[in-house]
file protein02.cif (mmCIF, C-alpha atoms and all ligand atoms)
data_work
loop_
_atom_site.group_PDB
_atom_site.id
_atom_site.type_symbol
_atom_site.label_atom_id
_atom_site.label_comp_id
_atom_site.auth_asym_id
_atom_site.auth_seq_id
_atom_site.Cartn_x
_atom_site.Cartn_y
_atom_site.Cartn_z
ATOM 1 C CA MET A 1 -58.564 -59.054 -47.166
ATOM 2 C CA ALA A 2 -56.468 -60.048 -44.157
ATOM 3 C CA CYS A 3 -53.623 -57.678 -43.198
ATOM 4 C CA SER A 4 -50.263 -59.395 -43.189
ATOM 5 C CA GLY A 5 -49.950 -61.595 -40.118
ATOM 6 C CA GLN A 6 -53.702 -61.531 -39.518
ATOM 7 C CA LYS A 7 -55.185 -65.008 -39.148
ATOM 8 C CA VAL A 8 -58.440 -65.878 -40.882
ATOM 9 C CA VAL A 9 -60.780 -67.542 -38.372
ATOM 10 C CA LEU A 10 -64.081 -69.065 -39.446
ATOM 11 C CA ILE A 11 -66.590 -69.819 -36.670
ATOM 12 C CA THR A 12 -69.826 -71.784 -37.031
ATOM 13 C CA GLY A 13 -73.048 -70.985 -35.128
ATOM 14 C CA CYS A 14 -72.491 -67.322 -34.261
ATOM 15 C CA SER A 15 -76.115 -66.206 -33.880
ATOM 16 C CA SER A 16 -76.031 -66.696 -30.097
ATOM 17 C CA GLY A 17 -74.268 -68.061 -27.041
ATOM 18 C CA ILE A 18 -70.687 -69.263 -27.142
ATOM 19 C CA GLY A 19 -70.149 -68.820 -30.902
ATOM 20 C CA LEU A 20 -71.275 -65.204 -30.807
ATOM 21 C CA ARG A 21 -68.976 -64.479 -27.890
ATOM 22 C CA ILE A 22 -65.944 -66.188 -29.459
ATOM 23 C CA ALA A 23 -66.490 -64.175 -32.653
ATOM 24 C CA VAL A 24 -66.678 -60.874 -30.780
ATOM 25 C CA THR A 25 -63.729 -61.667 -28.488
ATOM 26 C CA LEU A 26 -61.452 -62.509 -31.411
ATOM 27 C CA ALA A 27 -62.684 -59.591 -33.537
ATOM 28 C CA LYS A 28 -61.917 -57.192 -30.681
ATOM 29 C CA ASP A 29 -58.414 -58.576 -30.101
ATOM 30 C CA GLU A 30 -56.328 -55.601 -29.051
ATOM 31 C CA LYS A 31 -53.574 -56.446 -31.561
ATOM 32 C CA MET A 32 -56.101 -57.122 -34.349
ATOM 33 C CA ARG A 33 -54.567 -60.527 -34.978
ATOM 34 C CA TYR A 34 -57.741 -62.084 -36.355
ATOM 35 C CA LYS A 35 -59.949 -61.600 -39.364
ATOM 36 C CA VAL A 36 -63.123 -63.247 -38.130
ATOM 37 C CA ILE A 37 -65.662 -64.793 -40.464
ATOM 38 C CA ALA A 38 -68.699 -65.262 -38.259
ATOM 39 C CA THR A 39 -71.222 -67.619 -39.808
ATOM 40 C CA MET A 40 -74.839 -68.419 -39.013
ATOM 41 C CA ARG A 41 -77.549 -70.344 -40.811
ATOM 42 C CA ASP A 42 -80.016 -67.446 -40.785
ATOM 43 C CA LEU A 43 -78.505 -64.003 -41.319
ATOM 44 C CA LYS A 44 -81.767 -62.453 -40.079
ATOM 45 C CA LYS A 45 -80.437 -63.346 -36.620
ATOM 46 C CA LYS A 46 -77.346 -61.167 -37.029
ATOM 47 C CA ASP A 47 -78.443 -58.159 -34.918
ATOM 48 C CA LYS A 48 -77.177 -59.410 -31.544
ATOM 49 C CA LEU A 49 -73.774 -60.217 -33.026
ATOM 50 C CA VAL A 50 -73.521 -56.961 -34.969
ATOM 51 C CA GLU A 51 -74.420 -54.976 -31.864
ATOM 52 C CA ALA A 52 -71.905 -56.858 -29.688
ATOM 53 C CA ALA A 53 -69.178 -56.476 -32.332
ATOM 54 C CA GLY A 54 -69.600 -52.677 -32.420
ATOM 55 C CA ASP A 55 -66.825 -50.985 -34.426
ATOM 56 C CA SER A 56 -65.265 -54.341 -35.285
ATOM 57 C CA PHE A 57 -68.172 -55.168 -37.592
ATOM 58 C CA GLY A 58 -67.099 -54.756 -41.210
ATOM 59 C CA LYS A 59 -63.452 -54.442 -40.120
ATOM 60 C CA THR A 60 -62.161 -57.471 -38.252
ATOM 61 C CA LEU A 61 -65.534 -59.237 -38.367
ATOM 62 C CA THR A 62 -67.595 -60.162 -41.407
ATOM 63 C CA LEU A 63 -70.609 -62.406 -41.829
ATOM 64 C CA LEU A 64 -71.406 -65.356 -44.073
ATOM 65 C CA PRO A 65 -74.419 -67.668 -44.174
ATOM 66 C CA LEU A 66 -73.689 -71.289 -43.279
ATOM 67 C CA ASP A 67 -75.842 -74.262 -42.414
ATOM 68 C CA VAL A 68 -73.520 -77.057 -41.287
ATOM 69 C CA CYS A 69 -76.203 -79.628 -42.130
ATOM 70 C CA SER A 70 -76.099 -78.801 -45.829
ATOM 71 C CA ASP A 71 -73.285 -79.980 -48.139
ATOM 72 C CA GLU A 72 -74.143 -77.199 -50.550
ATOM 73 C CA SER A 73 -74.155 -74.448 -47.924
ATOM 74 C CA VAL A 74 -70.793 -75.623 -46.528
ATOM 75 C CA LYS A 75 -69.205 -75.669 -50.003
ATOM 76 C CA GLN A 76 -70.669 -72.299 -50.915
ATOM 77 C CA CYS A 77 -69.498 -70.727 -47.664
ATOM 78 C CA ILE A 78 -65.908 -71.928 -48.043
ATOM 79 C CA ASN A 79 -65.907 -70.899 -51.729
ATOM 80 C CA ASN A 80 -66.893 -67.395 -50.583
ATOM 81 C CA VAL A 81 -63.770 -67.139 -48.455
ATOM 82 C CA LYS A 82 -60.945 -65.509 -50.390
ATOM 83 C CA ASP A 83 -58.722 -68.238 -51.895
ATOM 84 C CA ARG A 84 -60.607 -70.680 -49.607
ATOM 85 C CA HIS A 85 -57.901 -69.773 -47.138
ATOM 86 C CA ILE A 86 -58.816 -70.403 -43.478
ATOM 87 C CA ASP A 87 -56.137 -70.474 -40.791
ATOM 88 C CA ILE A 88 -58.402 -71.453 -37.918
ATOM 89 C CA LEU A 89 -61.740 -73.250 -38.082
ATOM 90 C CA ILE A 90 -63.867 -73.164 -34.934
ATOM 91 C CA ASN A 91 -66.659 -75.750 -35.040
ATOM 92 C CA ASN A 92 -69.092 -74.393 -32.505
ATOM 93 C CA ALA A 93 -72.581 -74.974 -33.969
ATOM 94 C CA GLY A 94 -74.527 -77.572 -32.045
ATOM 95 C CA VAL A 95 -77.994 -78.624 -30.944
ATOM 96 C CA GLY A 96 -79.273 -80.362 -27.834
ATOM 97 C CA LEU A 97 -81.983 -82.972 -27.412
ATOM 98 C CA LEU A 98 -83.372 -83.832 -24.053
ATOM 99 C CA GLY A 99 -85.775 -86.517 -22.948
ATOM 100 C CA PRO A 100 -86.343 -90.219 -22.566
ATOM 101 C CA VAL A 101 -85.319 -92.107 -25.687
ATOM 102 C CA GLU A 102 -88.727 -93.717 -26.232
ATOM 103 C CA SER A 103 -90.308 -90.274 -26.638
ATOM 104 C CA ILE A 104 -87.831 -89.177 -29.327
ATOM 105 C CA SER A 105 -88.176 -90.189 -32.966
ATOM 106 C CA ILE A 106 -85.255 -91.581 -34.935
ATOM 107 C CA GLU A 107 -85.611 -88.596 -37.282
ATOM 108 C CA GLU A 108 -85.071 -86.170 -34.373
ATOM 109 C CA MET A 109 -82.055 -88.194 -33.273
ATOM 110 C CA LYS A 110 -80.605 -88.147 -36.793
ATOM 111 C CA GLN A 111 -80.927 -84.358 -36.838
ATOM 112 C CA VAL A 112 -78.728 -84.111 -33.739
ATOM 113 C CA PHE A 113 -76.062 -86.274 -35.380
ATOM 114 C CA GLU A 114 -76.474 -84.327 -38.617
ATOM 115 C CA THR A 115 -75.510 -81.128 -36.783
ATOM 116 C CA ASN A 116 -73.189 -82.166 -33.960
ATOM 117 C CA PHE A 117 -71.328 -84.939 -35.773
ATOM 118 C CA PHE A 118 -71.706 -84.668 -39.562
ATOM 119 C CA GLY A 119 -71.739 -80.847 -39.346
ATOM 120 C CA VAL A 120 -68.205 -80.968 -37.949
ATOM 121 C CA VAL A 121 -67.105 -83.693 -40.382
ATOM 122 C CA ARG A 122 -68.393 -81.653 -43.369
ATOM 123 C CA MET A 123 -66.507 -78.564 -42.245
ATOM 124 C CA ILE A 124 -63.253 -80.427 -41.605
ATOM 125 C CA LYS A 125 -63.464 -82.224 -44.978
ATOM 126 C CA GLU A 126 -63.957 -78.911 -46.753
ATOM 127 C CA VAL A 127 -61.100 -76.961 -45.139
ATOM 128 C CA MET A 128 -58.617 -79.841 -44.943
ATOM 129 C CA PRO A 129 -57.318 -79.836 -48.554
ATOM 130 C CA ASP A 130 -56.156 -76.207 -48.371
ATOM 131 C CA MET A 131 -54.704 -76.598 -44.877
ATOM 132 C CA LYS A 132 -52.832 -79.735 -45.985
ATOM 133 C CA LYS A 133 -51.498 -77.976 -49.064
ATOM 134 C CA ARG A 134 -50.219 -75.110 -46.919
ATOM 135 C CA ARG A 135 -49.101 -77.525 -44.185
ATOM 136 C CA SER A 136 -50.603 -75.255 -41.585
ATOM 137 C CA GLY A 137 -53.891 -74.730 -39.790
ATOM 138 C CA GLN A 138 -55.830 -75.166 -36.619
ATOM 139 C CA ILE A 139 -59.197 -76.788 -36.031
ATOM 140 C CA ILE A 140 -61.141 -76.310 -32.805
ATOM 141 C CA VAL A 141 -64.140 -78.438 -31.963
ATOM 142 C CA MET A 142 -66.614 -77.410 -29.269
ATOM 143 C CA SER A 143 -67.385 -80.682 -27.578
ATOM 144 C CA SER A 144 -68.842 -80.927 -24.088
ATOM 145 C CA VAL A 145 -68.326 -82.621 -20.786
ATOM 146 C CA MET A 146 -71.024 -84.841 -22.268
ATOM 147 C CA GLY A 147 -68.429 -85.967 -24.782
ATOM 148 C CA LEU A 148 -66.733 -87.616 -21.810
ATOM 149 C CA GLN A 149 -69.560 -88.919 -19.695
ATOM 150 C CA GLY A 150 -73.194 -89.866 -20.147
ATOM 151 C CA VAL A 151 -75.830 -87.700 -18.528
ATOM 152 C CA VAL A 152 -79.423 -88.659 -17.758
ATOM 153 C CA PHE A 153 -81.939 -87.815 -20.526
ATOM 154 C CA ASN A 154 -79.144 -86.603 -22.793
ATOM 155 C CA ASP A 155 -78.549 -89.998 -24.388
ATOM 156 C CA VAL A 156 -78.521 -88.852 -28.005
ATOM 157 C CA TYR A 157 -76.740 -85.530 -27.460
ATOM 158 C CA THR A 158 -74.104 -87.356 -25.410
ATOM 159 C CA ALA A 159 -73.744 -90.001 -28.127
ATOM 160 C CA SER A 160 -73.260 -87.309 -30.795
ATOM 161 C CA LYS A 161 -70.494 -85.666 -28.772
ATOM 162 C CA PHE A 162 -68.832 -89.041 -28.029
ATOM 163 C CA ALA A 163 -68.892 -89.808 -31.767
ATOM 164 C CA MET A 164 -67.298 -86.488 -32.555
ATOM 165 C CA GLU A 165 -64.612 -86.998 -29.912
ATOM 166 C CA GLY A 166 -63.716 -90.376 -31.440
ATOM 167 C CA PHE A 167 -63.583 -88.901 -34.923
ATOM 168 C CA CYS A 168 -61.408 -86.022 -33.765
ATOM 169 C CA GLU A 169 -58.992 -88.181 -31.790
ATOM 170 C CA SER A 170 -58.434 -90.258 -34.928
ATOM 171 C CA MET A 171 -58.188 -87.278 -37.236
ATOM 172 C CA ALA A 172 -55.753 -85.418 -34.993
ATOM 173 C CA VAL A 173 -53.080 -88.017 -35.632
ATOM 174 C CA GLN A 174 -53.452 -87.768 -39.416
ATOM 175 C CA LEU A 175 -53.532 -83.969 -39.345
ATOM 176 C CA MET A 176 -50.486 -83.648 -37.129
ATOM 177 C CA LYS A 177 -48.320 -84.894 -40.014
ATOM 178 C CA PHE A 178 -49.421 -81.830 -41.969
ATOM 179 C CA ASN A 179 -48.791 -79.430 -39.103
ATOM 180 C CA ILE A 180 -52.550 -78.995 -38.591
ATOM 181 C CA ARG A 181 -53.503 -78.850 -34.933
ATOM 182 C CA LEU A 182 -56.867 -80.215 -33.855
ATOM 183 C CA SER A 183 -58.125 -79.283 -30.379
ATOM 184 C CA MET A 184 -61.327 -80.081 -28.535
ATOM 185 C CA ILE A 185 -62.871 -77.884 -25.893
ATOM 186 C CA GLU A 186 -65.135 -79.642 -23.417
ATOM 187 C CA PRO A 187 -67.169 -77.115 -21.421
ATOM 188 C CA GLY A 188 -69.360 -78.022 -18.481
ATOM 189 C CA PRO A 189 -72.717 -76.216 -18.267
ATOM 190 C CA VAL A 190 -72.429 -72.715 -19.730
ATOM 191 C CA HIS A 191 -75.157 -70.154 -19.188
ATOM 192 C CA THR A 192 -76.586 -69.757 -22.688
ATOM 193 C CA GLU A 193 -80.097 -70.142 -24.142
ATOM 194 C CA PHE A 194 -79.144 -73.750 -24.885
ATOM 195 C CA GLU A 195 -78.386 -74.492 -21.236
ATOM 196 C CA THR A 196 -81.273 -72.445 -19.797
ATOM 197 C CA LYS A 197 -83.786 -74.299 -21.967
ATOM 198 C CA MET A 198 -82.266 -77.634 -21.001
ATOM 199 C CA MET A 199 -82.477 -76.877 -17.294
ATOM 200 C CA GLU A 200 -86.092 -75.693 -17.659
ATOM 201 C CA ASP A 201 -87.013 -78.840 -19.556
ATOM 202 C CA VAL A 202 -85.362 -81.011 -16.924
ATOM 203 C CA ALA A 203 -87.262 -79.242 -14.151
ATOM 204 C CA LYS A 204 -90.580 -79.805 -15.991
ATOM 205 C CA MET A 205 -89.875 -83.397 -16.812
ATOM 206 C CA GLU A 206 -92.006 -86.035 -15.220
ATOM 207 C CA TYR A 207 -90.836 -89.503 -15.933
ATOM 208 C CA PRO A 208 -92.261 -92.568 -14.249
ATOM 209 C CA GLY A 209 -89.632 -94.452 -12.336
ATOM 210 C CA VAL A 210 -87.263 -91.505 -12.178
ATOM 211 C CA ASP A 211 -87.348 -89.699 -8.865
ATOM 212 C CA THR A 212 -86.678 -86.040 -8.273
ATOM 213 C CA ASP A 213 -83.125 -86.788 -7.196
ATOM 214 C CA THR A 214 -82.347 -88.293 -10.563
ATOM 215 C CA VAL A 215 -83.980 -85.422 -12.432
ATOM 216 C CA HIS A 216 -81.828 -83.030 -10.439
ATOM 217 C CA TYR A 217 -78.745 -85.048 -11.280
ATOM 218 C CA PHE A 218 -77.671 -82.068 -13.381
ATOM 219 C CA LYS A 219 -77.431 -79.656 -10.506
ATOM 220 C CA ASP A 220 -76.403 -82.000 -7.723
ATOM 221 C CA VAL A 221 -74.078 -84.467 -9.368
ATOM 222 C CA TYR A 222 -73.216 -83.505 -12.907
ATOM 223 C CA LEU A 223 -72.443 -79.861 -12.283
ATOM 224 C CA PRO A 224 -69.995 -80.345 -9.398
ATOM 225 C CA SER A 225 -68.426 -83.370 -11.056
ATOM 226 C CA SER A 226 -67.553 -81.302 -14.101
ATOM 227 C CA ILE A 227 -65.842 -78.578 -12.135
ATOM 228 C CA ASP A 228 -62.533 -80.399 -11.727
ATOM 229 C CA ILE A 229 -62.208 -80.744 -15.457
ATOM 230 C CA PHE A 230 -63.199 -77.246 -16.372
ATOM 231 C CA GLN A 231 -62.421 -75.046 -13.462
ATOM 232 C CA ALA A 232 -60.117 -72.958 -15.625
ATOM 233 C CA MET A 233 -62.914 -72.248 -18.060
ATOM 234 C CA GLY A 234 -65.751 -70.821 -15.967
ATOM 235 C CA GLN A 235 -69.380 -70.933 -16.870
ATOM 236 C CA THR A 236 -70.259 -67.962 -19.042
ATOM 237 C CA PRO A 237 -69.887 -67.579 -22.827
ATOM 238 C CA GLU A 238 -67.256 -64.900 -22.102
ATOM 239 C CA ASP A 239 -65.221 -67.430 -20.095
ATOM 240 C CA ILE A 240 -65.355 -69.963 -22.914
ATOM 241 C CA ALA A 241 -64.439 -67.287 -25.477
ATOM 242 C CA ARG A 242 -61.400 -66.249 -23.435
ATOM 243 C CA TYR A 243 -60.416 -69.885 -23.026
ATOM 244 C CA THR A 244 -60.791 -70.542 -26.748
ATOM 245 C CA LYS A 245 -58.615 -67.520 -27.500
ATOM 246 C CA LYS A 246 -55.918 -68.964 -25.237
ATOM 247 C CA VAL A 247 -56.123 -72.283 -27.076
ATOM 248 C CA ILE A 248 -55.453 -70.645 -30.425
ATOM 249 C CA GLU A 249 -52.771 -68.236 -29.253
HETATM 250 P P1 LIG B 1 -76.759 -71.822 -28.534
HETATM 251 O O1 LIG B 1 -78.040 -72.539 -28.754
HETATM 252 O O2 LIG B 1 -76.772 -70.482 -27.899
HETATM 253 O O3 LIG B 1 -75.949 -71.715 -29.905
HETATM 254 C C1 LIG B 1 -75.908 -72.758 -30.835
HETATM 255 C C2 LIG B 1 -75.551 -72.175 -32.172
HETATM 256 O O4 LIG B 1 -75.470 -73.248 -33.130
HETATM 257 C C3 LIG B 1 -76.607 -71.192 -32.677
HETATM 258 O O5 LIG B 1 -75.954 -70.119 -33.297
HETATM 259 C C4 LIG B 1 -77.370 -72.027 -33.696
HETATM 260 O O6 LIG B 1 -77.967 -71.287 -34.740
HETATM 261 C C5 LIG B 1 -76.209 -72.832 -34.248
HETATM 262 N N1 LIG B 1 -76.671 -73.939 -35.092
HETATM 263 C C6 LIG B 1 -77.533 -74.939 -34.799
HETATM 264 N N2 LIG B 1 -77.721 -75.719 -35.867
HETATM 265 C C7 LIG B 1 -76.958 -75.189 -36.870
HETATM 266 C C8 LIG B 1 -76.720 -75.539 -38.223
HETATM 267 N N3 LIG B 1 -77.321 -76.594 -38.793
HETATM 268 N N4 LIG B 1 -75.875 -74.778 -38.953
HETATM 269 C C9 LIG B 1 -75.261 -73.715 -38.405
HETATM 270 N N5 LIG B 1 -75.462 -73.306 -37.145
HETATM 271 C C10 LIG B 1 -76.293 -74.056 -36.380
HETATM 272 O O7 LIG B 1 -75.860 -72.825 -27.702
HETATM 273 P P2 LIG B 1 -74.402 -72.685 -27.031
HETATM 274 O O8 LIG B 1 -73.737 -71.440 -27.400
HETATM 275 O O9 LIG B 1 -74.583 -73.028 -25.617
HETATM 276 O O10 LIG B 1 -73.669 -73.951 -27.749
HETATM 277 C C11 LIG B 1 -72.568 -73.814 -28.618
HETATM 278 C C12 LIG B 1 -71.778 -75.109 -28.607
HETATM 279 O O11 LIG B 1 -71.306 -75.365 -27.296
HETATM 280 C C13 LIG B 1 -72.611 -76.345 -29.016
HETATM 281 O O12 LIG B 1 -71.813 -77.181 -29.842
HETATM 282 C C14 LIG B 1 -72.910 -77.028 -27.685
HETATM 283 O O13 LIG B 1 -73.077 -78.426 -27.860
HETATM 284 C C15 LIG B 1 -71.634 -76.692 -26.920
HETATM 285 N N6 LIG B 1 -71.791 -76.749 -25.470
HETATM 286 C C16 LIG B 1 -72.705 -75.961 -24.799
HETATM 287 C C17 LIG B 1 -72.836 -76.063 -23.428
HETATM 288 C C18 LIG B 1 -73.830 -75.260 -22.644
HETATM 289 O O14 LIG B 1 -74.058 -75.578 -21.475
HETATM 290 N N7 LIG B 1 -74.404 -74.187 -23.189
HETATM 291 C C19 LIG B 1 -71.997 -76.994 -22.656
HETATM 292 C C20 LIG B 1 -71.055 -77.743 -23.461
HETATM 293 C C21 LIG B 1 -70.970 -77.619 -24.812
HETATM 294 P P3 LIG B 1 -79.535 -70.915 -34.809
HETATM 295 O O15 LIG B 1 -79.653 -69.635 -34.046
HETATM 296 O O16 LIG B 1 -79.792 -70.774 -36.262
HETATM 297 O O17 LIG B 1 -80.270 -72.057 -34.185
#
call {"tool": "encode", "arguments": {"input": "protein02.cif", "output": "structure tokens", "more": "lines below"}}
Ligand code: NDP
result
Amino acid sequence: MACSGQKVVLITGCSSGIGLRIAVTLAKDEKMRYKVIATMRDLKKKDKLVEAAGDSFGKTLTLLPLDVCSDESVKQCINNVKDRHIDILINNAGVGLLGPVESISIEEMKQVFETNFFGVVRMIKEVMPDMKKRRSGQIIVMSSVMGLQGVVFNDVYTASKFAMEGFCESMAVQLMKFNIRLSMIEPGPVHTEFETKMMEDVAKMEYPGVDTDTVHYFKDVYLPSSIDIFQAMGQTPEDIARYTKKVIE
């Protein structure tokens, strides 16, 4: 149970990368202001998080299973939270998809939208009634610089983040009336497994008609062009976690 004044924060996708680091950063808050519910779709992947959380595990950080692609899992997860009471929801879970569109099936594309777009929509729909009733709450959505600009071979991922940005911009206005704050975070490339794999795949990619310069668009054009927007955020999961903490403080 949360101590008085402690905020209940639920975070999606905490098995690795940015989500893991946000969970640990908030759980280790020096003033113990947060009761963190770190969620992941497969609890067998909990070891890295548990190790990073150290003494906070079982105190300011607890675990729940959650697959954002499943209506049932989302409902069950929120029902497992005491009184369904969540002060801050951090929608972090996401998947990438890289490659020329003609090599990607519609099913694979739908899966990206299922996670990056509908995953967020499901979570917001589920926490909104309680937040509205209490006229208080905060929702964070981990978007991307690719929610602002298209990037070569990331057509579907970019589209999923654009869709989410549109949804959130619309929702924010409705939620404001209930004193619920919706914020989006738009990182540039962050050094996680997600990003490493993407860069490796780009390097391997051979695509007729696309020259090496275009393939290296990531490093040479996209990376520097994102720096203006995100220079305050840095490029490691720790940077993003610190930034996220500032957003909710
Ligand atoms: P990781 O791949 O390290 O982490 C993604 C997390 O999302 C994992 O915990 C993964 O779980 C989880 N996840 C995927 N599908 C589901 C699902 N259906 N239900 C619940 N959890 C799920 O990537 P990052 O930490 O880099 O990415 C986190 C967020 O940041 C994403 O939304 C991404 O789009 C965004 N982002 C990342 C950038 C980067 O360069 N790394 C840049 C900009 C934005 P599992 O282990 O089970 O797969």
call {"tool": "closest_residue", "arguments": {"input": "protein02.cif", "among": "A:Ile86, A:Met123, A:Val36, A:Ala52", "to": "Val68 of chain A", "atoms": "all atoms listed in the file"}}
result
A:Met123
call {"tool": "residues_near_ligand", "arguments": {"input": "protein02.cif", "ligand": "ligand LIG 1 (chain B)", "cutoff": "6 Å", "atoms": "only C-alpha atoms and all ligand atoms", "output": "ChimeraX atom specification"}}
result
/A:12-19,40-42,66-69,92-95,115,142-144,187-195
call {"tool": "resolve_selection", "arguments": {"input": "protein02.cif", "expression": "the PyMOL selection byres (((chain A and resi 167) around 12) and not hetatm)", "output": "PyMOL selection string"}}
result
chain A and resi 116-118+120-121+124+141+143+147+160-166+168-174+182-184
call {"tool": "resolve_selection", "arguments": {"input": "protein02.cif", "expression": "the PyMOL selection byres (((chain A and resi 88) around 7) and not hetatm)", "output": "list of chain:residue names"}}
result
A:Val8, A:Val9, A:Leu10, A:Ile86, A:Asp87, A:Leu89, A:Ile90, A:Gly137, A:Gln138, A:Ile139
call {"tool": "resolve_selection", "arguments": {"input": "protein02.cif", "expression": "the PyMOL selection byres (((chain A and resi 248) around 9) and not hetatm)", "output": "list in words"}}
result
Ile88, Gln138, Ile140, Tyr243, Thr244, Lys245, Lys246, Val247 and Glu249 of chain A
call {"tool": "write_last_selection", "arguments": {"input": "protein02.cif", "atoms": "C-alpha atoms", "output": "PDB file, keeping the file's coordinate frame"}}
result
ATOM      1  CA  ILE A  88     -58.402 -71.453 -37.918  1.00  0.00           C
ATOM      2  CA  GLN A 138     -55.830 -75.166 -36.619  1.00  0.00           C
ATOM      3  CA  ILE A 140     -61.141 -76.310 -32.805  1.00  0.00           C
ATOM      4  CA  TYR A 243     -60.416 -69.885 -23.026  1.00  0.00           C
ATOM      5  CA  THR A 244     -60.791 -70.542 -26.748  1.00  0.00           C
ATOM      6  CA  LYS A 245     -58.615 -67.520 -27.500  1.00  0.00           C
ATOM      7  CA  LYS A 246     -55.918 -68.964 -25.237  1.00  0.00           C
ATOM      8  CA  VAL A 247     -56.123 -72.283 -27.076  1.00  0.00           C
ATOM      9  CA  GLU A 249     -52.771 -68.236 -29.253  1.00  0.00           C
TER      10      GLU A 249
END
call {"tool": "closest_residue", "arguments": {"input": "protein02.cif", "among": "A:Ile185, A:Leu175, A:Glu107, A:Gly96", "to": "Tyr157 of chain A", "atoms": "only C-alpha atoms"}}
result
A:Gly96
call {"tool": "closest_residue", "arguments": {"input": "protein02.cif", "among": "A:Val81, A:Met146, A:Lys177, A:Leu97", "to": "Lys133 of chain A", "atoms": "only C-alpha atoms"}}
result
A:Lys177
call {"tool": "build_atoms", "arguments": {"input": "protein02.cif", "residues": "segment 28-42 of chain A", "atoms": "N, CA and C atoms", "output": "PDB file, keeping the file's coordinate frame"}}
result
ATOM      1  N   LYS A  28     -62.348 -58.355 -31.474  1.00  0.00           N
ATOM      2  CA  LYS A  28     -61.917 -57.192 -30.681  1.00  0.00           C
ATOM      3  C   LYS A  28     -60.509 -57.371 -30.116  1.00  0.00           C
ATOM      4  N   ASP A  29     -59.785 -58.352 -30.593  1.00  0.00           N
ATOM      5  CA  ASP A  29     -58.414 -58.576 -30.101  1.00  0.00           C
ATOM      6  C   ASP A  29     -57.630 -57.256 -30.201  1.00  0.00           C
ATOM      7  N   GLU A  30     -56.986 -56.921 -29.114  1.00  0.00           N
ATOM      8  CA  GLU A  30     -56.328 -55.601 -29.051  1.00  0.00           C
ATOM      9  C   GLU A  30     -55.246 -55.436 -30.125  1.00  0.00           C
ATOM     10  N   LYS A  31     -54.636 -56.556 -30.537  1.00  0.00           N
ATOM     11  CA  LYS A  31     -53.574 -56.446 -31.561  1.00  0.00           C
ATOM     12  C   LYS A  31     -54.125 -56.713 -32.955  1.00  0.00           C
ATOM     13  N   MET A  32     -55.428 -56.847 -33.064  1.00  0.00           N
ATOM     14  CA  MET A  32     -56.101 -57.122 -34.349  1.00  0.00           C
ATOM     15  C   MET A  32     -55.466 -58.287 -35.099  1.00  0.00           C
ATOM     16  N   ARG A  33     -55.256 -59.380 -34.372  1.00  0.00           N
ATOM     17  CA  ARG A  33     -54.567 -60.527 -34.978  1.00  0.00           C
ATOM     18  C   ARG A  33     -55.495 -61.401 -35.808  1.00  0.00           C
ATOM     19  N   TYR A  34     -56.808 -61.160 -35.687  1.00  0.00           N
ATOM     20  CA  TYR A  34     -57.741 -62.084 -36.355  1.00  0.00           C
ATOM     21  C   TYR A  34     -58.688 -61.381 -37.306  1.00  0.00           C
ATOM     22  N   LYS A  35     -58.891 -62.020 -38.451  1.00  0.00           N
ATOM     23  CA  LYS A  35     -59.949 -61.600 -39.364  1.00  0.00           C
ATOM     24  C   LYS A  35     -61.037 -62.653 -39.196  1.00  0.00           C
ATOM     25  N   VAL A  36     -62.104 -62.270 -38.528  1.00  0.00           N
ATOM     26  CA  VAL A  36     -63.123 -63.247 -38.130  1.00  0.00           C
ATOM     27  C   VAL A  36     -64.232 -63.337 -39.173  1.00  0.00           C
ATOM     28  N   ILE A  37     -64.498 -64.554 -39.613  1.00  0.00           N
ATOM     29  CA  ILE A  37     -65.662 -64.793 -40.464  1.00  0.00           C
ATOM     30  C   ILE A  37     -66.683 -65.491 -39.587  1.00  0.00           C
ATOM     31  N   ALA A  38     -67.662 -64.714 -39.145  1.00  0.00           N
ATOM     32  CA  ALA A  38     -68.699 -65.262 -38.259  1.00  0.00           C
ATOM     33  C   ALA A  38     -69.826 -65.784 -39.141  1.00  0.00           C
ATOM     34  N   THR A  39     -70.183 -67.049 -38.946  1.00  0.00           N
ATOM     35  CA  THR A  39     -71.222 -67.619 -39.808  1.00  0.00           C
ATOM     36  C   THR A  39     -72.455 -67.995 -38.982  1.00  0.00           C
ATOM     37  N   MET A  40     -73.586 -67.962 -39.655  1.00  0.00           N
ATOM     38  CA  MET A  40     -74.839 -68.419 -39.013  1.00  0.00           C
ATOM     39  C   MET A  40     -75.790 -68.893 -40.098  1.00  0.00           C
ATOM     40  N   ARG A  41     -76.720 -69.790 -39.738  1.00  0.00           N
ATOM     41  CA  ARG A  41     -77.549 -70.344 -40.811  1.00  0.00           C
ATOM     42  C   ARG A  41     -78.611 -69.363 -41.270  1.00  0.00           C
ATOM     43  N   ASP A  42     -78.996 -68.416 -40.412  1.00  0.00           N
ATOM     44  CA  ASP A  42     -80.016 -67.446 -40.785  1.00  0.00           C
ATOM     45  C   ASP A  42     -79.499 -66.038 -40.479  1.00  0.00           C
TER      46      ASP A  42
END
